[in-house]
Amino acid sequence: MAQNGSGDRVGEGGFESLEHVDEHDHRLSLKGSTKGKEEEISVERVFQHLLVPSWRNQLTGRAFVVSFALSILFSFIVMKLNLTTGIIPSLNVSAGLLGFFFVKTWTKFLEKSGMLRQPFTRQENTVIQTCVVASSGIAFSGGFGSYLFGMSEEIANQSTDTSDFKDPSLGWIIAFLFVVSFLGLFSVVPLRKIMVVDFKLTYPSGTATAHLINSFHTPQGAKLAKKQVKMLGKFFSMSFLWGFFQWFYTATDQCGFQAFPSLGLKAYENRFYFDFSAIYVGVGMICPYIINISVLLGGILSWGIMWPLIKTKEGHWYAKGLGEGNLHGIQGYRVFIAIALILGDGLYNFIKVITHTLSGLYHQFQERQQENELPVADQDSPSNPQLSYDDRRRIQLFLKDQIPTWFAVAGYVAIAAISTATLPHLFPQLKWYYIIVIYLVAPTLAFCNAYGCGLTDWSLASTYGKLAIFTIGAWAGASKGGVLAGLAACGVMMNIVSTASDLMQDFKTGYLTLASPRSMFVSQIIGTTMGCVVSPSVFWIFYKAFPDLGKSTSEYPAPYAIIYRNMAILGVQGFGSLPKNCLLLCYIFFAAAVVINLFKDFLGKKGKFIPLPMAMAIPFYIGPYFAIDMCVGSLILYVWERINKAKADAFAPAVASGLICGDGIWTLPASILALAEVKPPICMRFFSRAANSKVDTLLGS
């Protein structure tokens, strides 16, 4: 699943193609004829000769060493994406591939030297996958590009409320994440059997990840994985070296290839240009075509049409001379219309997923009542002779290692008590009774999010976060620090519901790879612990290395930070501070987002060609330059699929992952050079003819 910066999942990329390759090559699903019907041969029969390790043996030291290294890599990638545009694609293919490659290389070396004690299994691979995704997920749910950075003075100075702020500090960020990041895990643990075994929820991303891991551990799948890793390594090197080459030409702001007016200087002034970013070309190859097209359409609508027209109203709709960054001027229209689109899309999908969730629950319980059986947590399911061999095998092992309900309840209560006592010290504006109310309703919302994610593959973590912003912010009020209280409450809620759905996805992956629920839970706990330290440390490097972090003209504008802060201000102060006609335009775009989604769902399969309002909103604030990069990635993938679809299906995710990882990891040496105050030697800049004439005149004199 890909994510947009507001936190909702916006699409899935990278998995389906690998599954098709496996099926096409008969790697996992050989087909034969039985009684005139085509049946797939069991996946588990392929692995039946292999012993399934105990849950303790699935948790190996080498798995967590590799997980820690990969979590650092992916935290840098997610952080860079968070602080640039907020669009985060699925990185599960990369995590699965690299985890498989590193441990497989490790075990082969030990095997040749006669020191191998335990072979590498798909269960251990699943542990690595779970740990890495849990750790790097904190880089997203921690709010470094949204609610958390939105508390800072830098972002406050760009908003209409400059008094209520809290600057980032490594100590309080780590403390905050430790007290809010584990509650979601304990809130849904008792429901694992109901969700996975009884309700048989699909969890598409968890299922796709399991297919990926299963395919790696067949002989043919291992050969394909080896080729994919080579391809990933090649494009990783190219992307990293390209980032290094670009750095030489960026001595000052607006220099280098990233400021190249490839579509002309007039287009460049309106942020239409190709900025030669390997990371967003890779993102474009992973994200679905409709996401990339939606982002580009949003950029054309806003920066190509609306903002130039609104600028002609300067002096009528807003005062002259306010500048580009003033929220009482043109910037107000950019920010608040984007917020209206995001809220309209979020509200529609919230109602849609909740409706699907309640409808699905109703039908599940109706079916159970007809069978005179209701699903109960921690109760063994009766053996059903109609179940396939795979299902019987998976259910048997999934229910073997129970996690006691009392343990989950006690863990939730204990962490909630610690959090309730700690958070008011970190945020005095967030009163203890606000926190208790959040923790009372959070398990229900976590269940709804986990269930909805199982049905639709759509996590509404940020929508629940926005709900907390408005409710807690309005409750606290402007005089009692409502802005900070709302943003902090958003962080608490987002972390709970996000980790809950992620854990249930992992349980589904473990179910399909025969990994124990206990090893999945422990791996998630360890990964979350890693993320609570690694992600703040990575953010701190960005924060210290790039002083202009968060400014709209910066390389790292953190667009969702200003959006989330202004949502909190709206919740506390209302609409009084908006420029003229801005509120009317917000109403129009809010309604348009709802209507577009209704139209999209009404058309059914044809609706896949309708753009997504959430994706369209992203360039409203920062511009469409990255959308051009993403569309270049889509174009490359489209041409590749037309030339050789089988090869594109097999290797496009690896190529995209290499481009993303190489450019992402270049950020680390770039940050170190910035901290050491080592500046690039050259500024490559492009001027208009008039500006060039002035330069020639000066040089001539």
# chains A, B, ... in the order shown; residues from 1 in each chain; ligands from 1
>>> residues_around(residues="segment 397-406 of chain A", least_positions_apart="2", cutoff="8 Å", atoms="only C-alpha atoms", output="VMD selection string")
chain A and resid 55 189 to 190 193 377 to 378 380 393 to 395 408 to 410 511 514 to 518
>>> residues_around(residues="Gly256 of chain A", least_positions_apart="2", cutoff="9 Å", atoms="only C-alpha atoms", output="PyMOL selection string")
chain A and resi 246-254+258-260+682-686
>>> residues_around(residues="Ile622 of chain A", least_positions_apart="4", cutoff="10 Å", atoms="only C-alpha atoms", output="PyMOL selection string")
chain A and resi 84-85+271+299+303+334-335+552-554+557-560+617-618+626
>>> write_last_selection(atoms="all heavy atoms", output="compact mmCIF listing (two decimals), in the first residue's frame")
# COMPACT_ATOMS: atom_id res chain seq x y z
N THR A 84 9.43 16.00 2.08
CA THR A 84 9.40 16.64 0.76
C THR A 84 7.97 16.77 0.26
O THR A 84 7.46 17.88 0.08
CB THR A 84 10.26 15.87 -0.25
OG1 THR A 84 9.97 14.46 -0.17
CG2 THR A 84 11.74 16.09 0.01
N THR A 85 7.28 15.65 0.05
CA THR A 85 5.90 15.72 -0.47
C THR A 85 4.89 15.01 0.41
O THR A 85 3.69 15.30 0.33
CB THR A 85 5.81 15.11 -1.88
OG1 THR A 85 6.10 13.71 -1.78
CG2 THR A 85 6.79 15.77 -2.83
N ARG A 271 6.28 26.48 -10.73
CA ARG A 271 6.74 25.19 -10.19
C ARG A 271 6.43 24.01 -11.10
O ARG A 271 6.23 22.88 -10.64
CB ARG A 271 6.17 24.96 -8.80
CG ARG A 271 6.51 26.10 -7.85
CD ARG A 271 6.22 25.80 -6.41
NE ARG A 271 6.41 26.99 -5.58
CZ ARG A 271 6.27 27.02 -4.26
NH1 ARG A 271 5.96 25.92 -3.61
NH2 ARG A 271 6.44 28.14 -3.58
N GLY A 299 -1.89 19.59 -9.66
CA GLY A 299 -0.91 20.64 -9.91
C GLY A 299 -1.32 21.58 -11.03
O GLY A 299 -1.16 22.81 -10.93
N TRP A 303 -1.70 25.32 -9.65
CA TRP A 303 -0.60 26.21 -10.06
C TRP A 303 -0.70 26.65 -11.51
O TRP A 303 -0.12 27.68 -11.89
CB TRP A 303 0.74 25.54 -9.80
CG TRP A 303 1.05 25.44 -8.35
CD1 TRP A 303 0.64 24.46 -7.48
CD2 TRP A 303 1.79 26.37 -7.56
NE1 TRP A 303 1.09 24.72 -6.21
CE2 TRP A 303 1.81 25.89 -6.23
CE3 TRP A 303 2.46 27.55 -7.86
CZ2 TRP A 303 2.46 26.56 -5.20
CZ3 TRP A 303 3.11 28.22 -6.83
CH2 TRP A 303 3.10 27.73 -5.52
N ARG A 334 -3.85 28.55 -0.90
CA ARG A 334 -3.17 27.28 -1.17
C ARG A 334 -3.37 26.27 -0.04
O ARG A 334 -3.69 25.10 -0.28
CB ARG A 334 -1.66 27.53 -1.36
CG ARG A 334 -1.30 28.33 -2.59
CD ARG A 334 0.18 28.72 -2.55
NE ARG A 334 0.55 29.55 -3.68
CZ ARG A 334 1.67 30.28 -3.72
NH1 ARG A 334 2.49 30.29 -2.67
NH2 ARG A 334 1.95 31.01 -4.78
N VAL A 335 -3.18 26.73 1.18
CA VAL A 335 -3.22 25.83 2.33
C VAL A 335 -4.65 25.38 2.64
O VAL A 335 -4.93 24.18 2.77
CB VAL A 335 -2.59 26.51 3.57
CG1 VAL A 335 -2.83 25.66 4.82
CG2 VAL A 335 -1.09 26.70 3.36
N SER A 552 8.43 26.87 2.65
CA SER A 552 7.85 26.44 1.38
C SER A 552 8.87 26.45 0.24
O SER A 552 8.71 25.73 -0.74
CB SER A 552 6.66 27.33 1.02
OG SER A 552 7.07 28.68 0.90
N THR A 553 9.93 27.25 0.37
CA THR A 553 10.96 27.31 -0.67
C THR A 553 12.12 26.35 -0.41
O THR A 553 13.06 26.28 -1.19
CB THR A 553 11.53 28.74 -0.78
OG1 THR A 553 12.01 29.14 0.53
CG2 THR A 553 10.46 29.70 -1.24
N SER A 554 12.04 25.60 0.68
CA SER A 554 13.13 24.70 1.07
C SER A 554 13.12 23.43 0.24
O SER A 554 12.11 23.06 -0.39
CB SER A 554 12.99 24.34 2.55
OG SER A 554 13.78 23.24 2.90
N PRO A 557 10.15 21.04 2.38
CA PRO A 557 9.12 21.99 2.84
C PRO A 557 8.16 21.42 3.89
O PRO A 557 7.40 22.18 4.49
CB PRO A 557 8.36 22.33 1.56
CG PRO A 557 8.54 21.13 0.68
CD PRO A 557 9.91 20.58 1.00
N ALA A 558 8.17 20.08 4.09
CA ALA A 558 7.25 19.44 5.06
C ALA A 558 5.83 19.99 4.90
O ALA A 558 5.28 20.58 5.82
CB ALA A 558 7.75 19.63 6.49
N PRO A 559 5.19 19.78 3.74
CA PRO A 559 3.92 20.45 3.46
C PRO A 559 2.81 20.11 4.43
O PRO A 559 1.95 20.95 4.72
CB PRO A 559 3.58 19.96 2.04
CG PRO A 559 4.36 18.69 1.86
CD PRO A 559 5.61 18.89 2.64
N TYR A 560 2.80 18.89 4.95
CA TYR A 560 1.69 18.51 5.83
C TYR A 560 1.83 19.08 7.23
O TYR A 560 0.86 19.08 7.99
CB TYR A 560 1.54 16.99 5.87
CG TYR A 560 0.79 16.47 4.66
CD1 TYR A 560 1.47 15.96 3.57
CD2 TYR A 560 -0.59 16.55 4.61
CE1 TYR A 560 0.79 15.51 2.45
CE2 TYR A 560 -1.29 16.12 3.49
CZ TYR A 560 -0.59 15.59 2.41
OH TYR A 560 -1.28 15.17 1.31
N ALA A 617 -4.84 17.03 -3.88
CA ALA A 617 -4.61 18.11 -2.91
C ALA A 617 -3.13 18.33 -2.61
O ALA A 617 -2.74 19.43 -2.20
CB ALA A 617 -5.36 17.80 -1.61
N ILE A 618 -2.31 17.31 -2.79
CA ILE A 618 -0.91 17.39 -2.35
C ILE A 618 -0.15 18.53 -3.02
O ILE A 618 0.54 19.31 -2.35
CB ILE A 618 -0.19 16.04 -2.56
CG1 ILE A 618 -0.87 14.96 -1.72
CG2 ILE A 618 1.29 16.13 -2.20
CD1 ILE A 618 -0.43 13.54 -2.04
N PHE A 626 7.20 17.57 -8.39
CA PHE A 626 7.42 16.15 -8.10
C PHE A 626 6.44 15.26 -8.87
O PHE A 626 6.74 14.10 -9.16
CB PHE A 626 7.30 15.89 -6.60
CG PHE A 626 5.91 16.06 -6.06
CD1 PHE A 626 5.06 14.97 -5.94
CD2 PHE A 626 5.43 17.31 -5.70
CE1 PHE A 626 3.77 15.13 -5.46
CE2 PHE A 626 4.14 17.47 -5.21
CZ PHE A 626 3.31 16.38 -5.10
>>> closest_atom_pairs(of="segment 498-601 of chain A", to="segment 162-179 of chain A", cutoff="7 Å", atoms="only C-alpha atoms", output="tab-separated table")
residue	atom	partner	partner_atom	distance
A:Cys532	CA	A:Leu177	CA	5.7
A:Val533	CA	A:Ile174	CA	6.2
A:Pro536	CA	A:Ile174	CA	6.4
A:Trp540	CA	A:Leu170	CA	6.8
>>> atom_distance(atom1="atom CA of Leu73 of chain A", atom2="atom CA of Phe240 of chain A")
12.9 Å
>>> closest_residue(among="A:Leu341, A:Leu460, A:Met231, A:Ala652", to="Phe620 of chain A", atoms="only C-alpha atoms")
A:Leu341
>>> closest_residue(among="A:Val188, A:Leu296, A:Ala676, A:Ala442", to="Met493 of chain A", atoms="only C-alpha atoms")
A:Ala442
>>> closest_residue(among="A:Cys586, A:Leu59, A:Ala561, A:Cys448", to="Leu83 of chain A", atoms="only C-alpha atoms")
A:Ala561
>>> closest_residue(among="A:Phe336, A:Ala417, A:Pro288, A:Met504", to="Leu585 of chain A", atoms="only C-alpha atoms")
A:Phe336
>>> select_by_dssp(residues="segment 388-474 of chain A", states="alpha helix (DSSP H)", output="number ranges by chain")
A: 389-398, 405-426, 432-456, 461-474
>>> closest_residue(among="A:Val229, A:Leu347, A:Leu201, A:Leu110", to="Ser94 of chain A", atoms="only C-alpha atoms")
A:Val229
>>> closest_residue(among="A:Pro624, A:Pro443, A:Gly329, A:Gly576", to="Glu314 of chain A", atoms="only C-alpha atoms")
A:Gly329
>>> decode(residues="segment 610-640 of chain A", atoms="N, CA, C and O atoms", output="compact mmCIF listing (two decimals), in the first residue's frame")
# COMPACT_ATOMS: atom_id res chain seq x y z
N ILE A 610 -11.19 7.75 -12.59
CA ILE A 610 -11.52 9.04 -11.97
C ILE A 610 -10.40 9.42 -11.00
O ILE A 610 -9.98 8.59 -10.19
N PRO A 611 -9.89 10.65 -11.04
CA PRO A 611 -8.78 11.03 -10.15
C PRO A 611 -9.18 11.03 -8.68
O PRO A 611 -10.37 11.14 -8.34
N LEU A 612 -8.20 10.92 -7.81
CA LEU A 612 -8.41 10.88 -6.36
C LEU A 612 -8.22 12.27 -5.76
O LEU A 612 -7.14 12.85 -5.88
N PRO A 613 -9.23 12.81 -5.09
CA PRO A 613 -9.11 14.16 -4.52
C PRO A 613 -7.96 14.30 -3.52
O PRO A 613 -7.30 15.33 -3.48
N MET A 614 -7.73 13.26 -2.70
CA MET A 614 -6.64 13.32 -1.73
C MET A 614 -5.30 13.53 -2.41
O MET A 614 -4.48 14.33 -1.98
N ALA A 615 -5.07 12.79 -3.51
CA ALA A 615 -3.81 12.93 -4.24
C ALA A 615 -3.75 14.28 -4.95
O ALA A 615 -2.68 14.89 -5.05
N MET A 616 -4.88 14.77 -5.44
CA MET A 616 -4.92 16.06 -6.13
C MET A 616 -4.56 17.20 -5.18
O MET A 616 -4.01 18.22 -5.60
N ALA A 617 -4.84 17.03 -3.88
CA ALA A 617 -4.61 18.11 -2.91
C ALA A 617 -3.13 18.33 -2.61
O ALA A 617 -2.74 19.43 -2.20
N ILE A 618 -2.31 17.31 -2.79
CA ILE A 618 -0.91 17.39 -2.35
C ILE A 618 -0.15 18.53 -3.02
O ILE A 618 0.54 19.31 -2.35
N PRO A 619 -0.23 18.72 -4.36
CA PRO A 619 0.54 19.81 -4.98
C PRO A 619 -0.06 21.20 -4.79
O PRO A 619 0.58 22.18 -5.18
N PHE A 620 -1.26 21.31 -4.22
CA PHE A 620 -1.86 22.64 -4.04
C PHE A 620 -0.94 23.57 -3.26
O PHE A 620 -0.90 24.77 -3.51
N TYR A 621 -0.21 23.01 -2.31
CA TYR A 621 0.66 23.83 -1.45
C TYR A 621 2.08 23.92 -1.98
O TYR A 621 2.65 25.00 -2.06
N ILE A 622 2.67 22.78 -2.36
CA ILE A 622 4.11 22.78 -2.69
C ILE A 622 4.41 22.85 -4.17
O ILE A 622 5.55 23.05 -4.57
N GLY A 623 3.41 22.66 -5.03
CA GLY A 623 3.65 22.72 -6.46
C GLY A 623 3.71 21.35 -7.10
O GLY A 623 3.86 20.34 -6.42
N PRO A 624 3.64 21.31 -8.44
CA PRO A 624 3.53 20.04 -9.16
C PRO A 624 4.85 19.45 -9.66
O PRO A 624 4.84 18.49 -10.42
N TYR A 625 6.01 20.02 -9.24
CA TYR A 625 7.28 19.56 -9.82
C TYR A 625 7.51 18.07 -9.59
O TYR A 625 7.97 17.35 -10.47
N PHE A 626 7.20 17.57 -8.39
CA PHE A 626 7.42 16.15 -8.10
C PHE A 626 6.44 15.26 -8.87
O PHE A 626 6.74 14.10 -9.16
N ALA A 627 5.25 15.81 -9.22
CA ALA A 627 4.28 15.05 -10.00
C ALA A 627 4.83 14.72 -11.38
O ALA A 627 4.54 13.66 -11.94
N ILE A 628 5.63 15.65 -11.93
CA ILE A 628 6.25 15.40 -13.24
C ILE A 628 7.24 14.26 -13.12
O ILE A 628 7.30 13.37 -13.99
N ASP A 629 8.03 14.24 -12.04
CA ASP A 629 8.95 13.11 -11.81
C ASP A 629 8.19 11.79 -11.73
O ASP A 629 8.59 10.79 -12.32
N MET A 630 7.08 11.80 -10.97
CA MET A 630 6.31 10.58 -10.80
C MET A 630 5.69 10.12 -12.11
O MET A 630 5.65 8.91 -12.40
N CYS A 631 5.23 11.06 -12.93
CA CYS A 631 4.66 10.68 -14.22
C CYS A 631 5.73 10.16 -15.18
O CYS A 631 5.44 9.30 -16.02
N VAL A 632 6.96 10.65 -15.04
CA VAL A 632 8.08 10.08 -15.82
C VAL A 632 8.28 8.62 -15.41
O VAL A 632 8.48 7.74 -16.26
N GLY A 633 8.20 8.35 -14.11
CA GLY A 633 8.30 6.97 -13.63
C GLY A 633 7.17 6.11 -14.19
O GLY A 633 7.41 4.96 -14.62
N SER A 634 5.96 6.64 -14.21
CA SER A 634 4.82 5.91 -14.79
C SER A 634 5.03 5.63 -16.27
O SER A 634 4.72 4.55 -16.77
N LEU A 635 5.56 6.63 -16.98
CA LEU A 635 5.81 6.48 -18.42
C LEU A 635 6.84 5.39 -18.68
O LEU A 635 6.68 4.55 -19.58
N ILE A 636 7.91 5.38 -17.87
CA ILE A 636 8.95 4.33 -18.01
C ILE A 636 8.32 2.95 -17.81
O ILE A 636 8.57 2.01 -18.59
N LEU A 637 7.52 2.82 -16.75
CA LEU A 637 6.88 1.53 -16.47
C LEU A 637 5.93 1.13 -17.59
O LEU A 637 5.90 -0.03 -18.01
N TYR A 638 5.15 2.09 -18.10
CA TYR A 638 4.18 1.80 -19.16
C TYR A 638 4.90 1.30 -20.42
O TYR A 638 4.49 0.29 -21.02
N VAL A 639 5.95 2.00 -20.84
CA VAL A 639 6.70 1.59 -22.04
C VAL A 639 7.33 0.22 -21.82
O VAL A 639 7.30 -0.65 -22.71
N TRP A 640 7.90 -0.02 -20.63
CA TRP A 640 8.53 -1.31 -20.31
C TRP A 640 7.49 -2.43 -20.39
O TRP A 640 7.76 -3.51 -20.92
